[in-house]
file protein.csv (CSV, C-alpha atoms and all ligand atoms)
chain,number,residue,atom,x,y,z
A,1,MET,CA,60.8,-84.3,100.5
A,2,THR,CA,59.4,-82.0,103.2
A,3,GLU,CA,60.2,-82.8,106.8
A,4,HIS,CA,56.7,-83.9,107.9
A,5,LEU,CA,56.4,-86.5,105.0
A,6,ARG,CA,59.5,-88.3,106.2
A,7,ASN,CA,59.4,-91.1,108.7
A,8,PRO,CA,62.0,-90.4,111.4
A,9,ASP,CA,62.4,-94.2,112.0
A,10,ASP,CA,63.8,-94.5,108.4
A,11,GLU,CA,66.6,-92.0,109.2
A,12,HIS,CA,69.3,-94.4,110.1
A,13,ILE,CA,71.8,-94.1,107.2
A,14,PRO,CA,75.1,-93.7,109.0
A,15,VAL,CA,77.2,-90.7,107.7
A,16,MET,CA,80.6,-91.4,106.2
A,17,ALA,CA,80.4,-95.0,107.4
A,18,LYS,CA,82.9,-96.4,104.9
A,19,GLU,CA,85.5,-93.8,105.8
A,20,ALA,CA,84.9,-94.1,109.6
A,21,LEU,CA,85.0,-97.9,109.5
A,22,ASP,CA,88.2,-98.0,107.3
A,23,LEU,CA,89.9,-95.7,109.7
A,24,LEU,CA,88.8,-97.5,112.8
A,25,GLN,CA,90.3,-100.7,111.4
A,26,CYS,CA,87.9,-102.9,113.4
A,27,LYS,CA,89.4,-106.3,114.1
A,28,PRO,CA,87.8,-109.5,115.3
A,29,GLY,CA,88.1,-109.8,119.1
A,30,GLY,CA,88.7,-106.1,119.6
A,31,ILE,CA,87.0,-103.8,122.1
A,32,TYR,CA,85.3,-100.7,120.5
A,33,VAL,CA,83.2,-97.8,121.8
A,34,ASP,CA,80.4,-96.1,119.8
A,35,ALA,CA,79.9,-93.1,122.0
A,36,THR,CA,76.8,-91.9,120.0
A,37,VAL,CA,74.9,-95.0,119.0
A,38,GLY,CA,71.8,-93.1,117.7
A,39,LEU,CA,69.7,-95.7,115.7
A,40,GLY,CA,72.8,-98.0,115.6
A,41,GLY,CA,73.9,-97.6,112.0
A,42,HIS,CA,77.6,-97.3,112.7
A,43,SER,CA,77.3,-99.8,115.6
A,44,LEU,CA,75.9,-102.4,113.3
A,45,ALA,CA,78.8,-102.0,110.9
A,46,ILE,CA,81.3,-102.2,113.8
A,47,LEU,CA,79.6,-105.3,115.2
A,48,GLU,CA,79.7,-107.1,111.8
A,49,ARG,CA,83.5,-106.5,111.7
A,50,ILE,CA,84.6,-107.5,115.2
A,51,GLN,CA,83.2,-111.1,115.2
A,52,PRO,CA,84.1,-113.4,116.6
A,53,GLY,CA,85.0,-112.4,120.1
A,54,GLY,CA,84.7,-108.6,119.8
A,55,GLN,CA,82.9,-106.3,122.2
A,56,LEU,CA,81.1,-103.0,121.5
A,57,ILE,CA,80.2,-100.6,124.2
A,58,GLY,CA,77.5,-98.3,122.9
A,59,ILE,CA,76.4,-95.1,124.6
A,60,ASP,CA,73.6,-92.6,123.9
A,61,ARG,CA,71.9,-90.0,126.0
A,62,ASP,CA,68.6,-90.5,124.1
A,63,LYS,CA,66.7,-93.5,125.6
A,64,GLU,CA,64.3,-93.7,122.7
A,65,SER,CA,67.1,-93.9,120.1
A,66,LEU,CA,68.8,-96.6,122.2
A,67,GLU,CA,65.7,-98.7,122.3
A,68,LYS,CA,65.4,-98.6,118.6
A,69,ALA,CA,69.1,-99.4,118.2
A,70,GLN,CA,68.7,-102.3,120.7
A,71,SER,CA,66.2,-104.1,118.6
A,72,ARG,CA,68.2,-103.4,115.4
A,73,LEU,CA,71.4,-104.8,116.9
A,74,LYS,CA,69.7,-107.8,118.5
A,75,PRO,CA,71.6,-110.4,116.4
A,76,TYR,CA,74.7,-109.2,118.1
A,77,ALA,CA,73.4,-108.8,121.6
A,78,GLY,CA,76.1,-111.1,123.0
A,79,SER,CA,78.8,-108.7,121.9
A,80,LEU,CA,77.1,-105.5,122.9
A,81,ARG,CA,76.6,-103.4,126.0
A,82,LEU,CA,74.3,-100.5,125.5
A,83,LEU,CA,74.2,-97.7,128.0
A,84,HIS,CA,71.8,-94.7,128.4
A,85,ASP,CA,74.4,-92.1,129.5
A,86,ASN,CA,76.3,-89.0,128.5
A,87,TYR,CA,79.5,-89.9,126.7
A,88,LYS,CA,81.2,-87.5,129.0
A,89,ASN,CA,81.0,-90.2,131.6
A,90,LEU,CA,83.1,-92.5,129.4
A,91,PRO,CA,86.0,-92.7,131.8
A,92,LEU,CA,83.7,-94.0,134.5
A,93,ILE,CA,82.0,-96.4,132.1
A,94,LEU,CA,85.3,-97.8,130.7
A,95,ASN,CA,86.8,-98.2,134.2
A,96,ASN,CA,83.8,-100.4,135.0
A,97,LEU,CA,83.3,-102.2,131.8
A,98,ALA,CA,86.5,-102.5,129.8
A,99,SER,CA,89.0,-105.1,131.0
A,100,ARG,CA,91.8,-103.5,129.0
A,101,PRO,CA,92.5,-100.4,126.9
A,102,VAL,CA,90.2,-100.2,123.9
A,103,ASP,CA,91.0,-100.6,120.2
A,104,GLY,CA,88.8,-97.8,118.8
A,105,ILE,CA,86.3,-95.1,119.7
A,106,LEU,CA,83.8,-93.6,117.3
A,107,ILE,CA,82.0,-90.3,118.1
A,108,ASP,CA,79.4,-89.1,115.6
A,109,LEU,CA,78.6,-85.8,117.2
A,110,GLY,CA,75.4,-83.7,117.4
A,111,VAL,CA,71.8,-84.4,116.9
A,112,SER,CA,70.4,-87.3,114.8
A,113,SER,CA,68.0,-87.0,111.9
A,114,TYR,CA,65.7,-89.2,113.9
A,115,GLN,CA,65.6,-86.6,116.7
A,116,LEU,CA,65.3,-83.6,114.2
A,117,LEU,CA,62.5,-85.2,112.3
A,118,SER,CA,60.4,-86.5,115.2
A,119,PRO,CA,58.0,-83.6,115.6
A,120,GLU,CA,57.2,-84.3,119.3
A,121,ARG,CA,60.9,-83.7,120.2
A,122,GLY,CA,60.5,-80.0,119.5
A,123,PHE,CA,63.7,-79.4,117.4
A,124,SER,CA,62.0,-78.2,114.3
A,125,PHE,CA,60.8,-74.7,113.6
A,126,GLN,CA,58.1,-76.1,111.3
A,127,SER,CA,56.2,-78.0,114.0
A,128,ASP,CA,53.6,-76.5,116.3
A,129,VAL,CA,54.8,-78.3,119.4
A,130,LEU,CA,56.4,-77.5,122.7
A,131,LEU,CA,59.9,-76.1,122.4
A,132,ASP,CA,61.8,-79.0,123.9
A,133,MET,CA,65.1,-79.9,122.0
A,134,ARG,CA,66.4,-82.2,124.8
A,135,MET,CA,68.4,-85.2,123.4
A,136,ASP,CA,68.0,-86.7,126.9
A,137,ARG,CA,64.4,-86.4,127.9
A,138,THR,CA,65.2,-87.1,131.5
A,139,GLN,CA,67.1,-83.8,131.6
A,140,GLN,CA,65.1,-81.1,133.4
A,141,TRP,CA,65.6,-77.9,131.4
A,142,THR,CA,64.1,-77.6,127.9
A,143,ALA,CA,64.5,-74.9,125.2
A,144,ALA,CA,61.4,-73.2,126.5
A,145,ASP,CA,62.9,-72.9,129.9
A,146,LEU,CA,66.0,-71.4,128.4
A,147,ILE,CA,64.1,-68.9,126.2
A,148,ASN,CA,61.8,-67.8,129.0
A,149,ASN,CA,64.3,-67.4,131.8
A,150,MET,CA,67.7,-66.4,130.4
A,151,PRO,CA,68.7,-62.7,130.6
A,152,GLU,CA,68.5,-60.9,127.3
A,153,SER,CA,72.3,-60.4,127.0
A,154,GLU,CA,73.0,-64.1,127.6
A,155,LEU,CA,70.4,-65.1,125.1
A,156,ALA,CA,71.9,-62.8,122.5
A,157,ASP,CA,75.4,-64.2,123.2
A,158,ILE,CA,74.2,-67.8,122.8
A,159,ILE,CA,72.5,-67.0,119.5
A,160,TYR,CA,75.6,-65.2,118.3
A,161,ARG,CA,78.1,-67.8,119.5
A,162,TYR,CA,76.3,-71.1,118.8
A,163,GLY,CA,74.2,-69.9,115.9
A,164,GLU,CA,76.8,-67.6,114.3
A,165,GLU,CA,73.8,-65.3,113.8
A,166,ARG,CA,74.8,-61.7,113.4
A,167,LEU,CA,71.3,-60.4,114.1
A,168,SER,CA,71.4,-62.1,117.6
A,169,ARG,CA,70.8,-58.9,119.6
A,170,ARG,CA,67.7,-58.0,117.6
A,171,ILE,CA,66.3,-61.5,118.0
A,172,ALA,CA,67.0,-61.7,121.7
A,173,ALA,CA,65.3,-58.3,122.2
A,174,ALA,CA,62.2,-59.5,120.3
A,175,ILE,CA,62.0,-62.7,122.3
A,176,VAL,CA,62.3,-60.8,125.6
A,177,GLN,CA,59.6,-58.4,124.5
A,178,GLU,CA,57.2,-61.3,123.5
A,179,ARG,CA,57.9,-63.2,126.7
A,180,SER,CA,57.0,-60.2,128.8
A,181,LYS,CA,53.4,-60.6,127.4
A,182,ALA,CA,53.2,-64.4,127.6
A,183,PRO,CA,55.7,-67.3,127.7
A,184,VAL,CA,57.2,-68.4,124.4
A,185,THR,CA,56.6,-72.1,124.5
A,186,ARG,CA,56.0,-73.4,121.0
A,187,CYS,CA,58.4,-74.0,118.1
A,188,ARG,CA,56.3,-72.2,115.5
A,189,GLN,CA,55.6,-69.3,117.8
A,190,LEU,CA,59.4,-68.8,118.2
A,191,ALA,CA,60.0,-69.2,114.5
A,192,GLU,CA,57.4,-66.6,113.8
A,193,ILE,CA,58.9,-64.1,116.2
A,194,ILE,CA,62.3,-64.5,114.6
A,195,SER,CA,60.9,-64.3,111.0
A,196,ARG,CA,59.0,-61.1,111.8
A,197,THR,CA,62.1,-59.6,113.4
A,198,ILE,CA,64.7,-60.3,110.7
A,199,LYS,CA,62.6,-60.8,107.6
A,200,GLY,CA,64.1,-59.4,104.5
A,201,ARG,CA,67.6,-59.3,105.8
A,202,SER,CA,70.1,-61.6,104.1
A,203,ASN,CA,70.0,-65.1,105.5
A,204,GLN,CA,71.7,-66.9,102.6
A,205,GLY,CA,68.6,-68.8,101.5
A,206,ILE,CA,67.9,-70.5,104.8
A,207,HIS,CA,64.8,-70.0,107.0
A,208,PRO,CA,65.4,-67.0,109.3
A,209,ALA,CA,65.0,-69.2,112.4
A,210,THR,CA,67.6,-71.8,111.4
A,211,ARG,CA,70.6,-70.3,113.2
A,212,THR,CA,68.7,-69.4,116.3
A,213,PHE,CA,67.3,-73.0,116.5
A,214,GLN,CA,70.7,-74.4,116.1
A,215,ALA,CA,72.1,-72.2,118.9
A,216,LEU,CA,69.3,-73.2,121.3
A,217,ARG,CA,69.8,-76.8,120.6
A,218,ILE,CA,73.5,-76.6,121.3
A,219,ALA,CA,72.9,-74.6,124.5
A,220,VAL,CA,70.1,-76.9,125.8
A,221,ASN,CA,72.2,-80.0,125.3
A,222,GLU,CA,75.5,-78.3,126.3
A,223,GLU,CA,77.0,-79.8,123.2
A,224,LEU,CA,80.3,-78.0,123.1
A,225,GLN,CA,81.0,-77.7,126.8
A,226,GLY,CA,83.9,-79.8,127.8
A,227,LEU,CA,84.2,-81.5,124.4
A,228,GLU,CA,87.9,-80.8,124.1
A,229,GLU,CA,88.7,-82.2,127.6
A,230,PHE,CA,86.4,-85.2,126.9
A,231,LEU,CA,88.3,-86.0,123.7
A,232,SER,CA,91.6,-86.1,125.6
A,233,GLU,CA,90.1,-88.3,128.3
A,234,ALA,CA,88.6,-90.7,125.8
A,235,PHE,CA,92.0,-90.9,124.0
A,236,SER,CA,93.7,-92.0,127.2
A,237,PHE,CA,91.6,-95.2,127.1
A,238,LEU,CA,93.0,-96.3,123.7
A,239,LYS,CA,95.7,-98.9,123.5
A,240,PRO,CA,98.9,-98.0,121.5
A,241,GLY,CA,97.8,-98.3,117.9
A,242,GLY,CA,94.2,-97.7,118.9
A,243,ARG,CA,92.2,-95.1,117.0
A,244,ILE,CA,89.6,-92.4,117.7
A,245,VAL,CA,87.3,-91.2,114.8
A,246,VAL,CA,85.1,-88.1,115.2
A,247,ILE,CA,82.5,-86.9,112.8
A,248,ALA,CA,81.4,-83.3,113.4
A,249,PHE,CA,78.6,-81.4,111.7
A,250,HIS,CA,79.4,-77.7,112.1
A,251,SER,CA,82.4,-75.6,112.2
A,252,LEU,CA,82.2,-74.9,115.9
A,253,GLU,CA,82.4,-78.6,116.8
A,254,ASP,CA,85.0,-79.3,114.1
A,255,ARG,CA,87.3,-76.5,115.4
A,256,ILE,CA,87.2,-78.1,118.9
A,257,VAL,CA,88.0,-81.6,117.5
A,258,LYS,CA,90.9,-80.1,115.4
A,259,ARG,CA,92.4,-78.4,118.4
A,260,ALA,CA,92.1,-81.4,120.7
A,261,PHE,CA,93.7,-83.7,118.0
A,262,ARG,CA,96.5,-81.2,117.2
A,263,ARG,CA,97.3,-81.0,120.9
A,264,LEU,CA,97.5,-84.8,121.3
A,265,ALA,CA,99.7,-84.9,118.1
A,266,GLY,CA,102.2,-82.5,119.7
A,267,GLN,CA,101.3,-79.6,117.4
A,268,CYS,CA,100.8,-75.9,118.1
A,269,VAL,CA,97.3,-74.9,119.0
A,270,CYS,CA,97.9,-71.2,119.8
A,271,ASP,CA,97.7,-68.1,117.6
A,272,ALA,CA,101.2,-66.8,118.6
A,273,PRO,CA,104.0,-66.6,116.0
A,274,PRO,CA,106.2,-69.7,116.1
A,275,GLU,CA,109.0,-68.0,118.0
A,276,LEU,CA,106.6,-67.1,120.9
A,277,CYS,CA,104.6,-70.4,120.9
A,278,LEU,CA,104.5,-72.0,124.3
A,279,CYS,CA,102.3,-75.0,123.4
A,280,PRO,CA,103.5,-78.1,125.4
A,281,ARG,CA,104.2,-80.2,122.3
A,282,GLN,CA,104.0,-83.7,123.7
A,283,THR,CA,103.5,-86.1,120.9
A,284,LEU,CA,101.1,-88.8,122.0
A,285,ALA,CA,99.4,-89.6,118.7
A,286,SER,CA,99.6,-89.3,115.0
A,287,LEU,CA,97.0,-87.4,112.9
A,288,LEU,CA,95.5,-89.8,110.4
A,289,THR,CA,93.6,-86.9,108.7
A,290,PRO,CA,95.8,-83.8,108.5
A,291,ARG,CA,92.7,-82.2,106.9
A,292,PRO,CA,89.2,-83.3,107.6
A,293,MET,CA,87.6,-85.8,105.3
A,294,THR,CA,84.2,-84.9,103.8
A,295,PRO,CA,81.5,-87.1,102.1
A,296,GLY,CA,82.1,-88.1,98.5
A,297,PRO,CA,79.6,-87.1,95.7
A,298,GLU,CA,77.9,-90.5,95.8
A,299,GLU,CA,77.0,-90.2,99.5
A,300,LEU,CA,75.9,-86.6,99.1
A,301,ALA,CA,73.6,-87.6,96.2
A,302,ALA,CA,72.1,-90.4,98.4
A,303,ASN,CA,72.0,-88.5,101.7
A,304,PRO,CA,72.2,-84.7,101.3
A,305,ARG,CA,72.1,-84.4,105.1
A,306,ALA,CA,75.7,-85.6,105.2
A,307,ARG,CA,76.8,-82.4,103.4
A,308,SER,CA,78.2,-80.6,106.5
A,309,ALA,CA,80.0,-83.7,107.9
A,310,ARG,CA,83.8,-83.4,108.7
A,311,LEU,CA,85.6,-86.5,109.8
A,312,ARG,CA,88.9,-86.5,111.7
A,313,ALA,CA,90.9,-89.5,113.0
A,314,LEU,CA,93.9,-90.0,115.4
A,315,GLU,CA,96.0,-93.0,116.3
A,316,ARG,CA,97.6,-93.4,119.7
A,317,ILE,CA,101.4,-94.0,119.4
A,401,LIG,C1,74.5,-88.0,114.6
A,401,LIG,S1,73.7,-89.0,115.8
A,401,LIG,C2,74.5,-90.6,115.7
A,401,LIG,C3,73.9,-91.5,114.6
A,401,LIG,C4,74.5,-92.9,114.7
A,401,LIG,N1,76.0,-92.9,114.5
A,401,LIG,C5,73.8,-93.8,113.8
A,401,LIG,O1,74.5,-94.5,112.9
A,401,LIG,O2,72.6,-94.0,113.8
A,401,LIG,C6,74.2,-88.4,117.3
A,401,LIG,C7,73.7,-89.1,118.5
A,401,LIG,O3,74.5,-88.7,119.6
A,401,LIG,C8,73.8,-88.6,120.7
A,401,LIG,N2,74.5,-87.7,121.6
A,401,LIG,C9,74.8,-86.4,121.4
A,401,LIG,N3,75.5,-85.9,122.5
A,401,LIG,C10,75.7,-86.9,123.3
A,401,LIG,C11,76.3,-87.1,124.6
A,401,LIG,N4,76.9,-86.0,125.2
A,401,LIG,N5,76.3,-88.3,125.2
A,401,LIG,C12,75.7,-89.3,124.6
A,401,LIG,N6,75.1,-89.3,123.4
A,401,LIG,C13,75.0,-88.1,122.8
A,401,LIG,C14,72.4,-88.1,120.3
A,401,LIG,O4,71.4,-88.4,121.2
A,401,LIG,C15,72.3,-88.8,118.9
A,401,LIG,O5,71.5,-90.0,119.0
call {"tool": "encode", "arguments": {"input": "protein.csv", "output": "structure tokens"}}
result
Amino acid sequence: MTEHLRNPDDEHIPVMAKEALDLLQCKPGGIYVDATVGLGGHSLAILERIQPGGQLIGIDRDKESLEKAQSRLKPYAGSLRLLHDNYKNLPLILNNLASRPVDGILIDLGVSSYQLLSPERGFSFQSDVLLDMRMDRTQQWTAADLINNMPESELADIIYRYGEERLSRRIAAAIVQERSKAPVTRCRQLAEIISRTIKGRSNQGIHPATRTFQALRIAVNEELQGLEEFLSEAFSFLKPGGRIVVIAFHSLEDRIVKRAFRRLAGQCVCDAPPELCLCPRQTLASLLTPRPMTPGPEELAANPRARSARLRALERI
């Protein structure tokens, strides 16, 4: 199916839900956090399992997604607090809302299919709309602001680092040349600049703009900034035996999750040979997934979008 034939509102199949829910071990009466509610797929599954008496605190920085989730989760309104916020404010939120340490935290990272497939949100290189890409539309800067104002070298670095695009310098130079004539404000306009610039060079069967669009999205939403610190902070709100489950969708995110979890489990996170390692090695948790879990063949057949998912889980000792 092509992107524009799909209805974004239908995109609520939660990724690796069975694995995530099994690992969270949701119990009636428990307090849980869904830090990335989206359209509420995982939240619904959690709410079903924590009755009676359970409480779910749900967060998302995207107000529109939250509104859709709210109507979907209505039957459980009495057990649910939904908040339009950045999950990085979780410590503040839990200090205010949770009466005791929580039983489990789920974080399904990144952008949702709903956001990607809603043309007006400006994530897709196939739409002729404003380059926006904000998950939180109350945020001021958009992808267009970034593209038109960032110095060329920084733009190239972002495209290289977050898009893992080896032709980043060439692409940044082409963008800067175009914007000197007129601002680059539309998704298709940017996609065409990139296609013209790197056409014919190997891009492993993906659209030439894919990596650059991913990089811009990560930069606009500051997706990787502070993620490692946030995971440690979130962990500190778990009760002993409580669990944190994280689903990541690209290697940059997954590397950060892996590192944060290894650190909490008292393992080495440096590249030094063992005899020179100075990692603190304080064991606060046990790794429930020494290797990341990936979706099974049935899920992949039903939801090809799940293909890059990597799930990791940790239990507080
Ligand atoms: C992969 S989707 C989650 C889908 C959800 N689990 C479901 O079942 O529908 C990721 C969601 O996380 C939200 N998000 C991403 N970064 C966030 C952040 N820093 N704070 C709060 N929400 C965030 C996005 O707006 C998006 O709705």
call {"tool": "closest_residue", "arguments": {"input": "protein.csv", "among": "A:Pro274, A:Gly29, A:Gly266, A:Gly110", "to": "ligand LIG 401 (chain A)", "atoms": "only C-alpha atoms and all ligand atoms"}}
result
A:Gly110
call {"tool": "closest_residue", "arguments": {"input": "protein.csv", "among": "A:Glu120, A:Asp108, A:Glu178, A:Glu19", "to": "Ile59 (chain A)", "atoms": "all atoms listed in the file"}}
result
A:Asp108
call {"tool": "residues_near_ligand", "arguments": {"input": "protein.csv", "ligand": "ligand LIG 401 (chain A)", "cutoff": "9 Å", "atoms": "all atoms listed in the file", "output": "PyMOL selection string"}}
result
chain A and resi 11-15+17+34-45+59-66+69+84-89+106-115+134-136+221-224+227+247-249
call {"tool": "closest_residue", "arguments": {"input": "protein.csv", "among": "A:Lys181, A:Lys74, A:His207, A:Arg217", "to": "Asp132 (chain A)", "atoms": "all atoms listed in the file"}}
result
A:Arg217
call {"tool": "atom_distance", "arguments": {"input": "protein.csv", "atom1": "CA of Arg166 (chain A)", "atom2": "CA of Pro208 (chain A)"}}
result
11.5 Å
call {"tool": "residues_around", "arguments": {"input": "protein.csv", "residues": "Gly241 (chain A)", "least_positions_apart": "2", "cutoff": "10 Å", "atoms": "all atoms listed in the file", "output": "PyMOL selection string"}}
result
chain A and resi 102-104+238-239+243+285-286+314-317
call {"tool": "closest_residue", "arguments": {"input": "protein.csv", "among": "A:Gly163, A:Leu23, A:Pro151, A:Arg188", "to": "Thr289 (chain A)", "atoms": "all atoms listed in the file"}}
result
A:Leu23
call {"tool": "atom_distance", "arguments": {"input": "protein.csv", "atom1": "CA of Pro240 (chain A)", "atom2": "CA of Leu287 (chain A)"}}
result
13.8 Å
call {"tool": "closest_residue", "arguments": {"input": "protein.csv", "among": "A:Val245, A:Leu278, A:Met150, A:Leu131", "to": "Ala191 (chain A)", "atoms": "only C-alpha atoms"}}
result
A:Leu131
